[in-house]
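In what follows, a single structure is set out as C-alpha cells and then discussed.
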Amino acid sequence: MSAVPPPDVPAFDPGHDPIRASDAVIQRLRANHPTLIDLTTGRVERLLAAVGRPDLKLPPVIHVAGTNGKGSTVAYLRAIAEAAGLKAHCLTSPHLVRFAERIRLAGKLITDAQLTELTDRLEAANAGEPISFFEITTVLAYLAFAETPADVCIVEVGLGGRFDATNIFEAPAVSVITPVDYDHVEMLGPGLSKIAWEKAGIIKHGRPVVVARQQNEALEMIEREADDRMAPMLLMGRDFDAWEERGRLLVQMPDRLLDLPAPSLFGGYQFDNAGVAVAAALTFDRGLSDEVLGAGVTSTVWPARMQRLTAGPLAELAKARGADLWLDGGHNPHAGRALAEAASRLIDRDPRPLVLVTGMFARKDAEGFFRPFAEMRPRVVCTTFDSPIAASAEELVAAAVRAGLSPETSSNVMDGVARALETEGPAPHVLVCGGLHFAGEVLAMSPETWPT
C-alpha cells in the first residue's frame, strides 16, 4: 500500500499559522484511522518495531493513569524534575489549541519542523496499515523521545490504561494511579471495579506504584492487581498522606515529613494531586530535597485547570465589568465535585456571585457534573461550541434542571460570558467550564494564553 497521504490530506507546511499547521499534521496522522478500535497494543508494537523500537531507548519512565488529576500530576512531576535540574520528556493528551502541546522534548514543545520530519518517517514505516490517531501519536512521541537526550520520561495514559497505546513498558521506573471515577463508561465501564481494572493495567511486575486516594471498589481492584504483580504499592491515606495546613502543603512520607509551599494550581484537590506527585517523585529519586520539591509544586503551570484568564477578548470583557474569569476543562461528576469545591474556596476568599458558562460533549454526564453545584445555586449559562459531538445548549439546560439548577442559554461562549456579566449586583466570578475541547476554543481566541 502507498505511504503517500491521500489527496484530501494537506501536506504539513510549517509556514502556515500555528493552528492551521496543527490541523494539517492531525489530518495526516488520522489518515489511516481504523473503522474499528482494536483494544490491544498490537498496532503500536508493530509500528514501534518498524522504526527500531524507540520505546526500548527511552530514559526512565513515570507512567500516569487515572480518571481525574492525571494532567495536573504530570505537570507537577515535570516541574519537580526541572527544579532538580533534570530534563524531562512529556506525553500528555488531549491538546488544547495545537497538537505540539502533547509532546515535550527535554522540557520544550516539539517544533513544527520535528513534527513534519517524524510524520514523514512514520507514514513511510506504517505503509498505509490501519492505525489510530492516538496510536501513531504515541509512536511519534516515543521516537522523538528516543532521539532527544533527557533524564526522565513522563507519560500520561490516553484512555484507560491496560490496553492504552502508551502501555508498552515492561519496567517503568514508577507507575502512578490518580483518583478513579466514572468517565468514558462506554469504553471502560460500566462499573467502577471494571474502570479500576483498566487503570491498574499499567502496574508492572515488581515495579513501584503510587496510588491516590480511591473509593473502596476501585481500591480493591488496584490492590489485587498490585499483589498479583508483586508491585510495591504506596497508597495515599495509608502509606503516605498530603493535606493543607495553614496554607501550606504537608506531605507525610514513610520516612519524612515535608512542609512545602502551597501548590501553584488553584483548588483544594490540588493539594492531593501535588502530594501524589511528590510521593512519585521521591519514589523515583529519594534524594530530592524539600527545596526542590517546593520549587516544583509552586512553579507548576497547567492550562485550563482552574486557570485565571487575564488576556484575550473574554478576559477583557470581564475586566471591563470588574469581574474575574476562570477556565476549567473538567467534564465528569468527579471533576464537578472538585470544581465546586474550588469555586467555594474562591467565594470564601472573595464573596461575590458565581456564574457558570458551560459547554460539553453530548456523551458526557452533564447532570452528574452540575449536581455538586446545586447547593451553591450559581447562575448557569449553557452554550455550545464547534464540534459535531457537542451537546446543544438546550440539552445542557435539561441536565442542569435535573440537577436542581435554573439555567439559561446562549449561542456561543462569547455570548455566554456577556450574559454572565449582565447583573445589577456585584461583578461576579465567571467560570467557563465543561470540557477540554471547549476550553481549547476559549484559549484559541488569544495566542498569549496558549501553552508554551
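Order determines the names: the first chain of the C-alpha cells is A, the second B, and so forth; residues in each chain are numbered 1 upward, and ligands are numbered 1 upward as they are shown.
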* To do: Pull the strand (DSSP E or B) assignments for range 121-322 of chain A out of DSSP run on the backbone, and list those residues as a PyMOL selection string.
  => chain A and resi 152-156+174-177+209-211+233-236+240-245+248-252+257-261+307-309
* **For Glu198 in chain A: contacts at 6 Å, only C-alpha atoms, fewer than 6 positions along chain excluded, given as a list in words** => Gly160, Gly161 and Arg162 of chain A
Restricted to N, CA and C atoms, what would the selected residues look like written as a PDB file, in the first residue's frame?
```
ATOM      1  N   GLY A 160      -8.073   4.790  29.755  1.00  0.00           N
ATOM      2  CA  GLY A 160      -7.971   3.534  30.489  1.00  0.00           C
ATOM      3  C   GLY A 160      -6.561   3.310  30.982  1.00  0.00           C
ATOM      4  N   GLY A 161      -5.877   2.349  30.404  1.00  0.00           N
ATOM      5  CA  GLY A 161      -4.521   2.032  30.823  1.00  0.00           C
ATOM      6  C   GLY A 161      -4.088   0.678  30.305  1.00  0.00           C
ATOM      7  N   ARG A 162      -4.842  -0.370  30.633  1.00  0.00           N
ATOM      8  CA  ARG A 162      -4.449  -1.739  30.287  1.00  0.00           C
ATOM      9  C   ARG A 162      -4.203  -1.902  28.785  1.00  0.00           C
TER      10      ARG A 162
END
```
* helix (DSSP H, G or I) positions in range 117-345 of chain A, given as a ChimeraX atom specification -> /A:117-126,133-146,185-188,192-202,216-228,269-284,290-299,313-321,333-345
* Just the residues within 6 Å of range 393-399 of chain A, please, counting only C-alpha atoms, with nothing from its chain fewer than 4 positions along; format it as an MDAnalysis selection string. => chainID A and resid 366:367 382:384 407 409
Let's have the selection written as a JSON list (two decimals), in the first residue's frame, with N, CA and C atoms.
```json
[["chain", "number", "residue", "atom", "x", "y", "z"],
["A", 366, "ALA", "N", -23.64, 15.26, 31.98],
["A", 366, "ALA", "CA", -23.77, 16.68, 32.34],
["A", 366, "ALA", "C", -24.53, 16.85, 33.65],
["A", 367, "GLU", "N", -25.55, 16.04, 33.87],
["A", 367, "GLU", "CA", -26.29, 16.14, 35.13],
["A", 367, "GLU", "C", -25.38, 15.86, 36.32],
["A", 382, "CYS", "N", -25.83, 27.97, 29.71],
["A", 382, "CYS", "CA", -25.48, 26.80, 28.90],
["A", 382, "CYS", "C", -25.30, 27.24, 27.45],
["A", 383, "THR", "N", -24.22, 26.74, 26.85],
["A", 383, "THR", "CA", -23.93, 27.13, 25.47],
["A", 383, "THR", "C", -23.41, 25.91, 24.72],
["A", 384, "THR", "N", -22.95, 26.10, 23.50],
["A", 384, "THR", "CA", -22.38, 25.02, 22.71],
["A", 384, "THR", "C", -21.12, 25.53, 22.03],
["A", 407, "PRO", "N", -30.99, 27.14, 34.74],
["A", 407, "PRO", "CA", -30.08, 27.64, 33.71],
["A", 407, "PRO", "C", -30.75, 28.52, 32.66],
["A", 409, "THR", "N", -29.73, 29.99, 28.34],
["A", 409, "THR", "CA", -28.95, 29.57, 27.18],
["A", 409, "THR", "C", -28.25, 30.74, 26.52]]
```
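Using only C-alpha atoms, the protein and nucleic acid residues lying no more than 6 Å from Leu86 in chain A, apart from those fewer than 3 places from it along its own chain, are Ala81, Glu82 and Asp151 of chain A.
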Per-residue nearest contacts of range 296-408 of chain A to range 64-70 of chain A (10 Å; only C-alpha atoms) as JSON lines:
```
{"residue": "A:Arg305", "atom": "CA", "partner": "A:Gly69", "partner_atom": "CA", "distance": 9.6}
{"residue": "A:Gly330", "atom": "CA", "partner": "A:Asn68", "partner_atom": "CA", "distance": 8.3}
{"residue": "A:His331", "atom": "CA", "partner": "A:Asn68", "partner_atom": "CA", "distance": 9.6}
{"residue": "A:Asn332", "atom": "CA", "partner": "A:Asn68", "partner_atom": "CA", "distance": 8.8}
{"residue": "A:His334", "atom": "CA", "partner": "A:Asn68", "partner_atom": "CA", "distance": 7.4}
{"residue": "A:Ala335", "atom": "CA", "partner": "A:Asn68", "partner_atom": "CA", "distance": 6.8}
{"residue": "A:Ala338", "atom": "CA", "partner": "A:Asn68", "partner_atom": "CA", "distance": 9.6}
```
Go ahead and save the picked residues with all heavy atoms, as a compact mmCIF listing (two decimals), in the first residue's frame.
```txt
# COMPACT_ATOMS: atom_id res chain seq x y z
N ARG A 305 -6.98 24.29 33.89
CA ARG A 305 -7.30 23.64 35.14
C ARG A 305 -7.43 24.74 36.19
O ARG A 305 -6.44 25.19 36.75
CB ARG A 305 -6.25 22.61 35.54
CG ARG A 305 -6.40 21.28 34.82
CD ARG A 305 -5.98 21.33 33.39
NE ARG A 305 -6.01 20.03 32.71
CZ ARG A 305 -5.64 19.87 31.45
NH1 ARG A 305 -5.23 20.90 30.71
NH2 ARG A 305 -5.67 18.67 30.89
N GLY A 330 -12.64 20.38 33.29
CA GLY A 330 -13.27 19.22 33.91
C GLY A 330 -14.62 18.91 33.26
O GLY A 330 -15.37 19.82 32.91
N HIS A 331 -14.95 17.59 33.14
CA HIS A 331 -16.13 17.25 32.35
C HIS A 331 -16.85 15.99 32.84
O HIS A 331 -17.61 15.39 32.08
CB HIS A 331 -15.73 17.05 30.88
CG HIS A 331 -14.57 16.12 30.72
ND1 HIS A 331 -13.32 16.58 30.41
CD2 HIS A 331 -14.46 14.78 30.85
CE1 HIS A 331 -12.48 15.55 30.34
NE2 HIS A 331 -13.16 14.44 30.61
N ASN A 332 -16.62 15.57 34.08
CA ASN A 332 -17.33 14.41 34.60
C ASN A 332 -17.76 14.68 36.04
O ASN A 332 -17.40 15.71 36.61
CB ASN A 332 -16.47 13.14 34.47
CG ASN A 332 -15.11 13.30 35.15
OD1 ASN A 332 -15.01 13.80 36.26
ND2 ASN A 332 -14.06 12.86 34.47
N HIS A 334 -16.86 13.53 38.98
CA HIS A 334 -15.76 13.73 39.92
C HIS A 334 -15.13 15.11 39.74
O HIS A 334 -14.83 15.81 40.70
CB HIS A 334 -14.71 12.63 39.73
CG HIS A 334 -13.59 12.67 40.71
ND1 HIS A 334 -12.44 13.42 40.51
CD2 HIS A 334 -13.42 12.07 41.91
CE1 HIS A 334 -11.63 13.26 41.53
NE2 HIS A 334 -12.19 12.45 42.40
N ALA A 335 -14.95 15.51 38.48
CA ALA A 335 -14.41 16.84 38.21
C ALA A 335 -15.38 17.92 38.66
O ALA A 335 -14.98 18.99 39.14
CB ALA A 335 -14.12 16.99 36.71
N ALA A 338 -14.86 18.42 42.35
CA ALA A 338 -13.62 19.16 42.60
C ALA A 338 -13.78 20.63 42.23
O ALA A 338 -13.31 21.53 42.95
CB ALA A 338 -12.47 18.53 41.82
```
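Taking only C-alpha atoms, the non-local environment of Gly296 in chain A within 12 Å (same-chain residues fewer than 6 positions away omitted) comprises Thr73, Val74, Ala75, Tyr76, Leu77, Arg78, Ala79, Ile80, Ala81, Glu82, Ala83, Ala84, Gly85, Leu86, Leu260, Pro261, Ala262, Pro263, Ser264, Leu265, Ala274, Gly275, Ala277, Val278, Ala281, Leu288, Ser289 and Asp290 of chain A.
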* Asked: So what do you get for CA of Ala106 in chain A versus CA of Ala88 in chain A, distance-wise?
  ->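 Value for the CA of Ala106 in chain A-CA of Ala88 in chain A distance: 4.7 Å.
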* Asked: Which residues, written as a PyMOL selection string, have at least one atom at most 10 Å from Ile389 in chain A, with only C-alpha atoms counted and residues fewer than 6 positions away on the same chain left out?
  -> chain A and resi 360-363
Convert the current residue selection to file output with C-alpha atoms, as a PDB file, in the first residue's frame.
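Contents of the output file result13.pdb:
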```pdb
ATOM      1  CA  MET A 360     -19.811  19.951  26.969  1.00  0.00           C
ATOM      2  CA  PHE A 361     -19.685  16.914  24.704  1.00  0.00           C
ATOM      3  CA  ALA A 362     -23.089  15.248  24.327  1.00  0.00           C
ATOM      4  CA  ARG A 363     -21.834  11.869  25.610  1.00  0.00           C
TER       5      ARG A 363
END
```
* Name the closest residue to Val432 in chain A among the candidates A:Ile347, A:Ala49, A:Leu325, A:Ala342; distances are taken between atoms, counting only C-alpha atoms. =>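 Checking each of A:Ile347, A:Ala49, A:Leu325, A:Ala342 against Val432 in chain A, counting only C-alpha atoms, the winner is A:Leu325.
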* Asked: Taking into account only C-alpha atoms, which residue in the set A:Gly268, A:Arg377, A:Ala427, A:Leu58 is nearest to Glu147 in chain A?
  -> A:Leu58
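Take the candidates A:Ala24, A:Ala218, A:Val209, A:Leu91 and check each one against Gly71 in chain A using only C-alpha atoms; the shortest distance goes to A:Leu91.
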* To do: Find the residues near range 130-132 of chain A: any atom within 7 Å, counting only C-alpha atoms, skip ones fewer than 6 places away on the same chain, and give them as a list of chain:residue names.
  => A:Arg30, A:Asn32, A:His33, A:Pro34, A:Arg43
With N, CA, C and O atoms retained, could you export that selection as a CSV table (one decimal), in the first residue's frame?
```
chain,number,residue,atom,x,y,z
A,30,ARG,N,-4.4,11.2,11.1
A,30,ARG,CA,-5.7,10.5,11.1
A,30,ARG,C,-5.9,9.7,9.8
A,30,ARG,O,-6.9,9.0,9.7
A,32,ASN,N,-5.0,7.0,8.4
A,32,ASN,CA,-5.2,5.5,8.5
A,32,ASN,C,-5.9,5.1,9.7
A,32,ASN,O,-5.8,3.9,10.1
A,33,HIS,N,-6.8,6.0,10.3
A,33,HIS,CA,-7.5,5.7,11.5
A,33,HIS,C,-8.5,4.5,11.1
A,33,HIS,O,-9.2,4.6,10.2
A,34,PRO,N,-8.5,3.4,11.9
A,34,PRO,CA,-9.3,2.3,11.6
A,34,PRO,C,-10.8,2.5,11.9
A,34,PRO,O,-11.1,3.3,12.7
A,43,ARG,N,-1.1,-2.9,17.2
A,43,ARG,CA,-0.7,-1.9,16.1
A,43,ARG,C,0.5,-1.0,16.5
A,43,ARG,O,1.4,-0.7,15.7
```
* To do: Could you check which of A:Ser406, A:Arg352, A:Met221, A:Leu192 is closest to Phe370 in chain A, using only C-alpha atoms?
  =>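 Closest candidate: A:Ser406.
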* **Among the residues A:Thr178, A:Gln215, A:Ser193, A:Thr449, the one that comes closest to Ala311 in chain A [using only C-alpha atoms]** =>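 Among the listed residues, the smallest separation from Ala311 in chain A belongs to A:Thr449.
As for CA of Ala418 in chain A and CA of Ala318 in chain A, they are spaced 8.1 Å apart.
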* To do: Counting only C-alpha atoms, figure out which residue out of A:Ala304, A:Ala315, A:Leu140, A:Val176 gets nearest to Val276 in chain A.
  =>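 Using only C-alpha atoms, Val276 in chain A sits closest to A:Val176.
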Contacts of range 211-307 of chain A with range 201-206 of chain A up to 12 Å, shortest pair per row, only C-alpha atoms, as a Markdown table:
```
| residue | atom | partner | partner_atom | distance |
| --- | --- | --- | --- | --- |
| A:Val211 | CA | A:Ile203 | CA | 10.5 |
| A:Met221 | CA | A:Gly201 | CA | 10.4 |
| A:Ile222 | CA | A:Ile203 | CA | 8.7 |
| A:Glu223 | CA | A:Ile203 | CA | 10.2 |
| A:Arg224 | CA | A:Ile203 | CA | 10.6 |
| A:Glu225 | CA | A:Ile203 | CA | 7.2 |
| A:Ala226 | CA | A:Ile203 | CA | 6.5 |
| A:Asp227 | CA | A:His205 | CA | 9.3 |
| A:Asp228 | CA | A:His205 | CA | 8.2 |
| A:Arg229 | CA | A:His205 | CA | 4.4 |
| A:Met230 | CA | A:Gly206 | CA | 5.2 |
| A:Ala231 | CA | A:Gly206 | CA | 4.3 |
| A:Pro232 | CA | A:Gly206 | CA | 6.7 |
| A:Met233 | CA | A:Ile203 | CA | 9.5 |
```
